[in-house]
>>> print(open('model.pdb').read())   # PDB, N, CA and C atoms, pLDDT in the B column
ATOM      1  N   MET A   1      87.939  93.811 104.721  1.00 76.00           N
ATOM      2  CA  MET A   1      88.897  94.636 104.004  1.00 76.00           C
ATOM      3  C   MET A   1      90.271  93.990 104.118  1.00 76.00           C
ATOM      4  N   THR A   2      90.958  93.907 103.015  1.00 79.00           N
ATOM      5  CA  THR A   2      92.286  93.302 102.987  1.00 79.00           C
ATOM      6  C   THR A   2      93.317  94.360 102.632  1.00 79.00           C
ATOM      7  N   LEU A   3      94.386  94.376 103.387  1.00 75.00           N
ATOM      8  CA  LEU A   3      95.490  95.296 103.112  1.00 75.00           C
ATOM      9  C   LEU A   3      96.634  94.495 102.519  1.00 75.00           C
ATOM     10  N   THR A   4      97.116  94.939 101.381  1.00 80.00           N
ATOM     11  CA  THR A   4      98.286  94.302 100.785  1.00 80.00           C
ATOM     12  C   THR A   4      99.354  95.360 100.565  1.00 80.00           C
ATOM     13  N   TYR A   5     100.598  94.936 100.674  1.00 80.00           N
ATOM     14  CA  TYR A   5     101.717  95.840 100.439  1.00 80.00           C
ATOM     15  C   TYR A   5     102.896  95.042  99.939  1.00 80.00           C
ATOM     16  N   GLU A   6     103.801  95.728  99.264  1.00 83.00           N
ATOM     17  CA  GLU A   6     105.015  95.092  98.781  1.00 83.00           C
ATOM     18  C   GLU A   6     106.170  95.506  99.672  1.00 83.00           C
ATOM     19  N   ALA A   7     106.908  94.525 100.143  1.00 88.00           N
ATOM     20  CA  ALA A   7     108.060  94.794 100.995  1.00 88.00           C
ATOM     21  C   ALA A   7     109.301  94.210 100.334  1.00 88.00           C
ATOM     22  N   GLU A   8     110.314  95.025 100.246  1.00 93.00           N
ATOM     23  CA  GLU A   8     111.575  94.578  99.638  1.00 93.00           C
ATOM     24  C   GLU A   8     112.296  93.581 100.537  1.00 93.00           C
ATOM     25  N   PHE A   9     112.119  93.738 101.851  1.00 96.00           N
ATOM     26  CA  PHE A   9     112.774  92.868 102.835  1.00 96.00           C
ATOM     27  C   PHE A   9     111.696  92.198 103.677  1.00 96.00           C
ATOM     28  N   LEU A  10     111.910  90.945 104.008  1.00 96.00           N
ATOM     29  CA  LEU A  10     110.926  90.167 104.760  1.00 96.00           C
ATOM     30  C   LEU A  10     111.379  89.951 106.198  1.00 96.00           C
ATOM     31  N   HIS A  11     110.434  89.588 107.045  1.00 95.00           N
ATOM     32  CA  HIS A  11     110.752  89.260 108.433  1.00 95.00           C
ATOM     33  C   HIS A  11     111.824  88.180 108.443  1.00 95.00           C
ATOM     34  N   GLY A  12     112.847  88.369 109.257  1.00 97.00           N
ATOM     35  CA  GLY A  12     113.905  87.380 109.369  1.00 97.00           C
ATOM     36  C   GLY A  12     115.078  87.593 108.425  1.00 97.00           C
ATOM     37  N   ASP A  13     114.941  88.502 107.449  1.00 98.00           N
ATOM     38  CA  ASP A  13     116.050  88.792 106.545  1.00 98.00           C
ATOM     39  C   ASP A  13     117.196  89.455 107.312  1.00 98.00           C
ATOM     40  N   ILE A  14     118.409  89.123 106.938  1.00 98.00           N
ATOM     41  CA  ILE A  14     119.596  89.797 107.469  1.00 98.00           C
ATOM     42  C   ILE A  14     119.934  90.930 106.506  1.00 98.00           C
ATOM     43  N   VAL A  15     120.047  92.146 107.045  1.00 97.00           N
ATOM     44  CA  VAL A  15     120.318  93.329 106.227  1.00 97.00           C
ATOM     45  C   VAL A  15     121.415  94.163 106.888  1.00 97.00           C
ATOM     46  N   TYR A  16     121.884  95.155 106.140  1.00 96.00           N
ATOM     47  CA  TYR A  16     122.918  96.065 106.632  1.00 96.00           C
ATOM     48  C   TYR A  16     122.449  97.497 106.399  1.00 96.00           C
ATOM     49  N   LEU A  17     122.709  98.373 107.361  1.00 94.00           N
ATOM     50  CA  LEU A  17     122.452  99.794 107.161  1.00 94.00           C
ATOM     51  C   LEU A  17     123.567 100.352 106.293  1.00 94.00           C
ATOM     52  N   LYS A  18     123.225 100.987 105.210  1.00 91.00           N
ATOM     53  CA  LYS A  18     124.234 101.511 104.283  1.00 91.00           C
ATOM     54  C   LYS A  18     125.137 102.542 104.939  1.00 91.00           C
ATOM     55  N   THR A  19     124.623 103.254 105.932  1.00 88.00           N
ATOM     56  CA  THR A  19     125.400 104.314 106.582  1.00 88.00           C
ATOM     57  C   THR A  19     126.172 103.848 107.816  1.00 88.00           C
ATOM     58  N   ASP A  20     126.102 102.562 108.127  1.00 90.00           N
ATOM     59  CA  ASP A  20     126.816 102.028 109.293  1.00 90.00           C
ATOM     60  C   ASP A  20     128.247 101.683 108.901  1.00 90.00           C
ATOM     61  N   PRO A  21     129.244 102.428 109.412  1.00 88.00           N
ATOM     62  CA  PRO A  21     130.626 102.146 109.030  1.00 88.00           C
ATOM     63  C   PRO A  21     131.113 100.772 109.498  1.00 88.00           C
ATOM     64  N   ASN A  22     130.472 100.206 110.523  1.00 89.00           N
ATOM     65  CA  ASN A  22     130.863  98.879 111.021  1.00 89.00           C
ATOM     66  C   ASN A  22     130.171  97.741 110.276  1.00 89.00           C
ATOM     67  N   GLN A  23     129.143  98.084 109.499  1.00 92.00           N
ATOM     68  CA  GLN A  23     128.398  97.095 108.717  1.00 92.00           C
ATOM     69  C   GLN A  23     127.951  95.909 109.570  1.00 92.00           C
ATOM     70  N   GLN A  24     127.352  96.223 110.694  1.00 95.00           N
ATOM     71  CA  GLN A  24     126.828  95.201 111.603  1.00 95.00           C
ATOM     72  C   GLN A  24     125.563  94.586 110.998  1.00 95.00           C
ATOM     73  N   PRO A  25     125.479  93.263 110.945  1.00 97.00           N
ATOM     74  CA  PRO A  25     124.268  92.637 110.411  1.00 97.00           C
ATOM     75  C   PRO A  25     123.073  92.903 111.327  1.00 97.00           C
ATOM     76  N   ARG A  26     121.931  93.122 110.725  1.00 97.00           N
ATOM     77  CA  ARG A  26     120.706  93.401 111.481  1.00 97.00           C
ATOM     78  C   ARG A  26     119.587  92.503 110.964  1.00 97.00           C
ATOM     79  N   LEU A  27     118.660  92.197 111.831  1.00 98.00           N
ATOM     80  CA  LEU A  27     117.548  91.317 111.515  1.00 98.00           C
ATOM     81  C   LEU A  27     116.285  92.151 111.323  1.00 98.00           C
ATOM     82  N   VAL A  28     115.571  91.927 110.223  1.00 98.00           N
ATOM     83  CA  VAL A  28     114.282  92.595 110.019  1.00 98.00           C
ATOM     84  C   VAL A  28     113.285  91.930 110.962  1.00 98.00           C
ATOM     85  N   THR A  29     112.715  92.738 111.874  1.00 97.00           N
ATOM     86  CA  THR A  29     111.809  92.183 112.878  1.00 97.00           C
ATOM     87  C   THR A  29     110.361  92.603 112.698  1.00 97.00           C
ATOM     88  N   ARG A  30     110.134  93.672 111.906  1.00 96.00           N
ATOM     89  CA  ARG A  30     108.763  94.149 111.761  1.00 96.00           C
ATOM     90  C   ARG A  30     108.662  95.098 110.577  1.00 96.00           C
ATOM     91  N   HIS A  31     107.484  95.115 109.946  1.00 95.00           N
ATOM     92  CA  HIS A  31     107.160  96.122 108.932  1.00 95.00           C
ATOM     93  C   HIS A  31     106.299  97.179 109.609  1.00 95.00           C
ATOM     94  N   VAL A  32     106.588  98.435 109.336  1.00 93.00           N
ATOM     95  CA  VAL A  32     105.803  99.546 109.863  1.00 93.00           C
ATOM     96  C   VAL A  32     105.143 100.222 108.664  1.00 93.00           C
ATOM     97  N   ILE A  33     103.809 100.173 108.613  1.00 91.00           N
ATOM     98  CA  ILE A  33     103.085 100.670 107.449  1.00 91.00           C
ATOM     99  C   ILE A  33     102.317 101.925 107.842  1.00 91.00           C
ATOM    100  N   SER A  34     102.532 102.974 107.053  1.00 86.00           N
ATOM    101  CA  SER A  34     101.820 104.235 107.246  1.00 86.00           C
ATOM    102  C   SER A  34     101.381 104.722 105.874  1.00 86.00           C
ATOM    103  N   GLY A  35     100.104 104.647 105.613  1.00 82.00           N
ATOM    104  CA  GLY A  35      99.608 104.996 104.287  1.00 82.00           C
ATOM    105  C   GLY A  35     100.181 104.048 103.255  1.00 82.00           C
ATOM    106  N   ASP A  36     100.884 104.593 102.259  1.00 82.00           N
ATOM    107  CA  ASP A  36     101.508 103.741 101.240  1.00 82.00           C
ATOM    108  C   ASP A  36     103.012 103.597 101.470  1.00 82.00           C
ATOM    109  N   ASN A  37     103.476 103.968 102.654  1.00 88.00           N
ATOM    110  CA  ASN A  37     104.900 103.909 102.986  1.00 88.00           C
ATOM    111  C   ASN A  37     105.201 102.688 103.870  1.00 88.00           C
ATOM    112  N   VAL A  38     106.187 101.893 103.469  1.00 92.00           N
ATOM    113  CA  VAL A  38     106.614 100.742 104.266  1.00 92.00           C
ATOM    114  C   VAL A  38     107.988 101.050 104.848  1.00 92.00           C
ATOM    115  N   GLN A  39     108.081 100.985 106.167  1.00 96.00           N
ATOM    116  CA  GLN A  39     109.363 101.110 106.846  1.00 96.00           C
ATOM    117  C   GLN A  39     109.673  99.768 107.494  1.00 96.00           C
ATOM    118  N   TYR A  40     110.920  99.633 107.925  1.00 97.00           N
ATOM    119  CA  TYR A  40     111.374  98.359 108.479  1.00 97.00           C
ATOM    120  C   TYR A  40     111.967  98.576 109.860  1.00 97.00           C
ATOM    121  N   GLU A  41     111.552  97.722 110.796  1.00 98.00           N
ATOM    122  CA  GLU A  41     112.205  97.707 112.096  1.00 98.00           C
ATOM    123  C   GLU A  41     113.311  96.669 112.002  1.00 98.00           C
ATOM    124  N   VAL A  42     114.535  97.104 112.300  1.00 98.00           N
ATOM    125  CA  VAL A  42     115.683  96.198 112.248  1.00 98.00           C
ATOM    126  C   VAL A  42     116.363  96.198 113.603  1.00 98.00           C
ATOM    127  N   ALA A  43     116.890  95.047 113.993  1.00 98.00           N
ATOM    128  CA  ALA A  43     117.496  94.909 115.313  1.00 98.00           C
ATOM    129  C   ALA A  43     118.863  94.256 115.220  1.00 98.00           C
ATOM    130  N   ALA A  44     119.749  94.749 116.092  1.00 95.00           N
ATOM    131  CA  ALA A  44     121.080  94.158 116.256  1.00 95.00           C
ATOM    132  C   ALA A  44     121.425  94.300 117.732  1.00 95.00           C
ATOM    133  N   GLU A  45     121.667  93.173 118.367  1.00 91.00           N
ATOM    134  CA  GLU A  45     121.925  93.154 119.807  1.00 91.00           C
ATOM    135  C   GLU A  45     120.775  93.870 120.507  1.00 91.00           C
ATOM    136  N   SER A  46     121.028  94.921 121.264  1.00 92.00           N
ATOM    137  CA  SER A  46     119.957  95.610 121.979  1.00 92.00           C
ATOM    138  C   SER A  46     119.491  96.874 121.268  1.00 92.00           C
ATOM    139  N   GLN A  47     119.963  97.103 120.050  1.00 94.00           N
ATOM    140  CA  GLN A  47     119.588  98.293 119.293  1.00 94.00           C
ATOM    141  C   GLN A  47     118.478  97.978 118.302  1.00 94.00           C
ATOM    142  N   ILE A  48     117.484  98.856 118.273  1.00 96.00           N
ATOM    143  CA  ILE A  48     116.375  98.710 117.331  1.00 96.00           C
ATOM    144  C   ILE A  48     116.216 100.027 116.585  1.00 96.00           C
ATOM    145  N   PHE A  49     116.090  99.942 115.256  1.00 95.00           N
ATOM    146  CA  PHE A  49     115.920 101.122 114.417  1.00 95.00           C
ATOM    147  C   PHE A  49     114.718 100.907 113.506  1.00 95.00           C
ATOM    148  N   ILE A  50     114.034 101.993 113.175  1.00 97.00           N
ATOM    149  CA  ILE A  50     112.997 101.956 112.138  1.00 97.00           C
ATOM    150  C   ILE A  50     113.519 102.806 110.989  1.00 97.00           C
ATOM    151  N   VAL A  51     113.658 102.172 109.825  1.00 97.00           N
ATOM    152  CA  VAL A  51     114.319 102.825 108.689  1.00 97.00           C
ATOM    153  C   VAL A  51     113.541 102.600 107.397  1.00 97.00           C
ATOM    154  N   GLN A  52     113.862 103.415 106.401  1.00 96.00           N
ATOM    155  CA  GLN A  52     113.308 103.259 105.058  1.00 96.00           C
ATOM    156  C   GLN A  52     114.078 102.160 104.319  1.00 96.00           C
ATOM    157  N   GLY A  53     113.449 101.564 103.335  1.00 95.00           N
ATOM    158  CA  GLY A  53     114.091 100.519 102.553  1.00 95.00           C
ATOM    159  C   GLY A  53     115.351 100.977 101.837  1.00 95.00           C
ATOM    160  N   VAL A  54     115.394 102.258 101.416  1.00 94.00           N
ATOM    161  CA  VAL A  54     116.569 102.759 100.698  1.00 94.00           C
ATOM    162  C   VAL A  54     117.809 102.817 101.595  1.00 94.00           C
ATOM    163  N   GLU A  55     117.614 102.733 102.914  1.00 94.00           N
ATOM    164  CA  GLU A  55     118.734 102.765 103.849  1.00 94.00           C
ATOM    165  C   GLU A  55     119.342 101.376 104.083  1.00 94.00           C
ATOM    166  N   LEU A  56     118.710 100.352 103.516  1.00 96.00           N
ATOM    167  CA  LEU A  56     119.119  98.977 103.764  1.00 96.00           C
ATOM    168  C   LEU A  56     119.722  98.317 102.530  1.00 96.00           C
ATOM    169  N   SER A  57     120.556  97.313 102.788  1.00 94.00           N
ATOM    170  CA  SER A  57     121.152  96.522 101.722  1.00 94.00           C
ATOM    171  C   SER A  57     121.254  95.076 102.195  1.00 94.00           C
ATOM    172  N   ARG A  58     121.119  94.147 101.264  1.00 95.00           N
ATOM    173  CA  ARG A  58     121.336  92.736 101.605  1.00 95.00           C
ATOM    174  C   ARG A  58     122.826  92.426 101.733  1.00 95.00           C
ATOM    175  N   ASP A  59     123.645  93.264 101.121  1.00 93.00           N
ATOM    176  CA  ASP A  59     125.092  93.080 101.133  1.00 93.00           C
ATOM    177  C   ASP A  59     125.748  94.208 101.916  1.00 93.00           C
ATOM    178  N   LYS A  60     126.952  93.941 102.410  1.00 90.00           N
ATOM    179  CA  LYS A  60     127.697  94.990 103.090  1.00 90.00           C
ATOM    180  C   LYS A  60     128.017  96.087 102.091  1.00 90.00           C
ATOM    181  N   GLU A  61     127.680  97.307 102.455  1.00 75.00           N
ATOM    182  CA  GLU A  61     127.842  98.428 101.544  1.00 75.00           C
ATOM    183  C   GLU A  61     127.926  99.697 102.385  1.00 75.00           C
ATOM    184  N   ILE A  62     128.913 100.493 102.166  1.00 68.00           N
ATOM    185  CA  ILE A  62     129.063 101.730 102.936  1.00 68.00           C
ATOM    186  C   ILE A  62     128.849 102.921 102.011  1.00 68.00           C
ATOM    187  N   VAL A  63     127.965 103.806 102.408  1.00 67.00           N
ATOM    188  CA  VAL A  63     127.740 105.031 101.666  1.00 67.00           C
ATOM    189  C   VAL A  63     128.531 106.122 102.372  1.00 67.00           C
ATOM    190  N   ASN A  64     129.423 106.778 101.667  1.00 66.00           N
ATOM    191  CA  ASN A  64     130.228 107.849 102.239  1.00 66.00           C
ATOM    192  C   ASN A  64     129.535 109.182 102.034  1.00 66.00           C
ATOM    193  N   PHE A  65     129.456 109.942 103.104  1.00 59.00           N
ATOM    194  CA  PHE A  65     128.872 111.277 103.030  1.00 59.00           C
ATOM    195  C   PHE A  65     129.992 112.289 103.219  1.00 59.00           C
ATOM    196  N   LEU A  66     129.982 113.329 102.420  1.00 50.00           N
ATOM    197  CA  LEU A  66     130.967 114.393 102.541  1.00 50.00           C
ATOM    198  C   LEU A  66     130.458 115.487 103.437  1.00 50.00           C
TER     199      LEU A  66
END
>>> encode(input="model.pdb", output="structure tokens")
Amino acid sequence: MTLTYEAEFLHGDIVYLKTDPNQQPRLVTRHVISGDNVQYEVAAESQIFIVQGVELSRDKEIVNFL
């Protein structure tokens, strides 16, 4: 059985969390697959987060919440 999935970001890509006001660069370190959902493990220094693709950007970008 072969599992295939489409990932917007690949291992080793540098990405930014859209909600991070400091726009710290993060490295994609792992894909987390659950059913048909792909999440991304991203790391910066000693911090590791698992996030959805919509939370990430290849460019620095800040989303303001009211």
>>> closest_residue(input="model.pdb", among="A:Leu27, A:Val54, A:Val38, A:Ala44", to="A:Glu6", atoms="all atoms listed in the file")
A:Val38
>>> atom_distance(input="model.pdb", atom1="atom CA of A:Ala7", atom2="atom CA of A:Asn22")
25.2 Å
>>> atom_distance(input="model.pdb", atom1="atom CA of A:Lys60", atom2="atom CA of A:Tyr40")
17.5 Å
>>> resolve_selection(input="model.pdb", expression="the PyMOL selection byres (((chain A and resi 12 and name CA) around 9) and name CA)", output="list of chain:residue names")
A:Phe9, A:Leu10, A:His11, A:Asp13, A:Ile14, A:Leu27, A:Val28, A:Thr29, A:Arg30
>>> select_by_dssp(input="model.pdb", residues="chain A", states="strand (DSSP E)", output="NGL selection string")
:A and (14-17 or 26-34 or 37-44 or 47-52 or 56-57)
>>> write_last_selection(input="model.pdb", atoms="N, CA and C atoms", output="PDB file, keeping the file's coordinate frame")
ATOM      1  N   ILE A  14     118.409  89.123 106.938  1.00 98.00           N
ATOM      2  CA  ILE A  14     119.596  89.797 107.469  1.00 98.00           C
ATOM      3  C   ILE A  14     119.934  90.930 106.506  1.00 98.00           C
ATOM      4  N   VAL A  15     120.047  92.146 107.045  1.00 97.00           N
ATOM      5  CA  VAL A  15     120.318  93.329 106.227  1.00 97.00           C
ATOM      6  C   VAL A  15     121.415  94.163 106.888  1.00 97.00           C
ATOM      7  N   TYR A  16     121.884  95.155 106.140  1.00 96.00           N
ATOM      8  CA  TYR A  16     122.918  96.065 106.632  1.00 96.00           C
ATOM      9  C   TYR A  16     122.449  97.497 106.399  1.00 96.00           C
ATOM     10  N   LEU A  17     122.709  98.373 107.361  1.00 94.00           N
ATOM     11  CA  LEU A  17     122.452  99.794 107.161  1.00 94.00           C
ATOM     12  C   LEU A  17     123.567 100.352 106.293  1.00 94.00           C
ATOM     13  N   ARG A  26     121.931  93.122 110.725  1.00 97.00           N
ATOM     14  CA  ARG A  26     120.706  93.401 111.481  1.00 97.00           C
ATOM     15  C   ARG A  26     119.587  92.503 110.964  1.00 97.00           C
ATOM     16  N   LEU A  27     118.660  92.197 111.831  1.00 98.00           N
ATOM     17  CA  LEU A  27     117.548  91.317 111.515  1.00 98.00           C
ATOM     18  C   LEU A  27     116.285  92.151 111.323  1.00 98.00           C
ATOM     19  N   VAL A  28     115.571  91.927 110.223  1.00 98.00           N
ATOM     20  CA  VAL A  28     114.282  92.595 110.019  1.00 98.00           C
ATOM     21  C   VAL A  28     113.285  91.930 110.962  1.00 98.00           C
ATOM     22  N   THR A  29     112.715  92.738 111.874  1.00 97.00           N
ATOM     23  CA  THR A  29     111.809  92.183 112.878  1.00 97.00           C
ATOM     24  C   THR A  29     110.361  92.603 112.698  1.00 97.00           C
ATOM     25  N   ARG A  30     110.134  93.672 111.906  1.00 96.00           N
ATOM     26  CA  ARG A  30     108.763  94.149 111.761  1.00 96.00           C
ATOM     27  C   ARG A  30     108.662  95.098 110.577  1.00 96.00           C
ATOM     28  N   HIS A  31     107.484  95.115 109.946  1.00 95.00           N
ATOM     29  CA  HIS A  31     107.160  96.122 108.932  1.00 95.00           C
ATOM     30  C   HIS A  31     106.299  97.179 109.609  1.00 95.00           C
ATOM     31  N   VAL A  32     106.588  98.435 109.336  1.00 93.00           N
ATOM     32  CA  VAL A  32     105.803  99.546 109.863  1.00 93.00           C
ATOM     33  C   VAL A  32     105.143 100.222 108.664  1.00 93.00           C
ATOM     34  N   ILE A  33     103.809 100.173 108.613  1.00 91.00           N
ATOM     35  CA  ILE A  33     103.085 100.670 107.449  1.00 91.00           C
ATOM     36  C   ILE A  33     102.317 101.925 107.842  1.00 91.00           C
ATOM     37  N   SER A  34     102.532 102.974 107.053  1.00 86.00           N
ATOM     38  CA  SER A  34     101.820 104.235 107.246  1.00 86.00           C
ATOM     39  C   SER A  34     101.381 104.722 105.874  1.00 86.00           C
ATOM     40  N   ASN A  37     103.476 103.968 102.654  1.00 88.00           N
ATOM     41  CA  ASN A  37     104.900 103.909 102.986  1.00 88.00           C
ATOM     42  C   ASN A  37     105.201 102.688 103.870  1.00 88.00           C
ATOM     43  N   VAL A  38     106.187 101.893 103.469  1.00 92.00           N
ATOM     44  CA  VAL A  38     106.614 100.742 104.266  1.00 92.00           C
ATOM     45  C   VAL A  38     107.988 101.050 104.848  1.00 92.00           C
ATOM     46  N   GLN A  39     108.081 100.985 106.167  1.00 96.00           N
ATOM     47  CA  GLN A  39     109.363 101.110 106.846  1.00 96.00           C
ATOM     48  C   GLN A  39     109.673  99.768 107.494  1.00 96.00           C
ATOM     49  N   TYR A  40     110.920  99.633 107.925  1.00 97.00           N
ATOM     50  CA  TYR A  40     111.374  98.359 108.479  1.00 97.00           C
ATOM     51  C   TYR A  40     111.967  98.576 109.860  1.00 97.00           C
ATOM     52  N   GLU A  41     111.552  97.722 110.796  1.00 98.00           N
ATOM     53  CA  GLU A  41     112.205  97.707 112.096  1.00 98.00           C
ATOM     54  C   GLU A  41     113.311  96.669 112.002  1.00 98.00           C
ATOM     55  N   VAL A  42     114.535  97.104 112.300  1.00 98.00           N
ATOM     56  CA  VAL A  42     115.683  96.198 112.248  1.00 98.00           C
ATOM     57  C   VAL A  42     116.363  96.198 113.603  1.00 98.00           C
ATOM     58  N   ALA A  43     116.890  95.047 113.993  1.00 98.00           N
ATOM     59  CA  ALA A  43     117.496  94.909 115.313  1.00 98.00           C
ATOM     60  C   ALA A  43     118.863  94.256 115.220  1.00 98.00           C
ATOM     61  N   ALA A  44     119.749  94.749 116.092  1.00 95.00           N
ATOM     62  CA  ALA A  44     121.080  94.158 116.256  1.00 95.00           C
ATOM     63  C   ALA A  44     121.425  94.300 117.732  1.00 95.00           C
ATOM     64  N   GLN A  47     119.963  97.103 120.050  1.00 94.00           N
ATOM     65  CA  GLN A  47     119.588  98.293 119.293  1.00 94.00           C
ATOM     66  C   GLN A  47     118.478  97.978 118.302  1.00 94.00           C
ATOM     67  N   ILE A  48     117.484  98.856 118.273  1.00 96.00           N
ATOM     68  CA  ILE A  48     116.375  98.710 117.331  1.00 96.00           C
ATOM     69  C   ILE A  48     116.216 100.027 116.585  1.00 96.00           C
ATOM     70  N   PHE A  49     116.090  99.942 115.256  1.00 95.00           N
ATOM     71  CA  PHE A  49     115.920 101.122 114.417  1.00 95.00           C
ATOM     72  C   PHE A  49     114.718 100.907 113.506  1.00 95.00           C
ATOM     73  N   ILE A  50     114.034 101.993 113.175  1.00 97.00           N
ATOM     74  CA  ILE A  50     112.997 101.956 112.138  1.00 97.00           C
ATOM     75  C   ILE A  50     113.519 102.806 110.989  1.00 97.00           C
ATOM     76  N   VAL A  51     113.658 102.172 109.825  1.00 97.00           N
ATOM     77  CA  VAL A  51     114.319 102.825 108.689  1.00 97.00           C
ATOM     78  C   VAL A  51     113.541 102.600 107.397  1.00 97.00           C
ATOM     79  N   GLN A  52     113.862 103.415 106.401  1.00 96.00           N
ATOM     80  CA  GLN A  52     113.308 103.259 105.058  1.00 96.00           C
ATOM     81  C   GLN A  52     114.078 102.160 104.319  1.00 96.00           C
ATOM     82  N   LEU A  56     118.710 100.352 103.516  1.00 96.00           N
ATOM     83  CA  LEU A  56     119.119  98.977 103.764  1.00 96.00           C
ATOM     84  C   LEU A  56     119.722  98.317 102.530  1.00 96.00           C
ATOM     85  N   SER A  57     120.556  97.313 102.788  1.00 94.00           N
ATOM     86  CA  SER A  57     121.152  96.522 101.722  1.00 94.00           C
ATOM     87  C   SER A  57     121.254  95.076 102.195  1.00 94.00           C
TER      88      SER A  57
END
>>> resolve_selection(input="model.pdb", expression="the PyMOL selection byres (((chain A and resi 37 and name CA) around 12) and name CA)", output="ChimeraX atom specification")
/A:4-8,31-36,38-40,51-54
>>> closest_residue(input="model.pdb", among="A:Leu56, A:Gln23, A:Lys18, A:Leu3", to="A:Glu41", atoms="only C-alpha atoms")
A:Leu56
>>> atom_distance(input="model.pdb", atom1="atom CA of A:Thr2", atom2="atom CA of A:Val15")
28.2 Å
>>> residues_around(input="model.pdb", residues="A:Ala43", least_positions_apart="3", cutoff="5 Å", atoms="all atoms listed in the file", output="PDB file with N, CA and C atoms, in the coordinates of the input")
ATOM      1  N   ARG A  26     121.931  93.122 110.725  1.00 97.00           N
ATOM      2  CA  ARG A  26     120.706  93.401 111.481  1.00 97.00           C
ATOM      3  C   ARG A  26     119.587  92.503 110.964  1.00 97.00           C
ATOM      4  N   LEU A  27     118.660  92.197 111.831  1.00 98.00           N
ATOM      5  CA  LEU A  27     117.548  91.317 111.515  1.00 98.00           C
ATOM      6  C   LEU A  27     116.285  92.151 111.323  1.00 98.00           C
ATOM      7  N   GLN A  47     119.963  97.103 120.050  1.00 94.00           N
ATOM      8  CA  GLN A  47     119.588  98.293 119.293  1.00 94.00           C
ATOM      9  C   GLN A  47     118.478  97.978 118.302  1.00 94.00           C
ATOM     10  N   ILE A  48     117.484  98.856 118.273  1.00 96.00           N
ATOM     11  CA  ILE A  48     116.375  98.710 117.331  1.00 96.00           C
ATOM     12  C   ILE A  48     116.216 100.027 116.585  1.00 96.00           C
TER      13      ILE A  48
END
>>> axis_aligned_box(input="model.pdb", around="stretch 40-56 of chain A", padding_each_side="5 Å", output="lines of an AutoDock Vina configuration file")
center_x = 116.4
center_y = 98.3
center_z = 111.3
size_x = 21.0
size_y = 20.3
size_z = 31.3
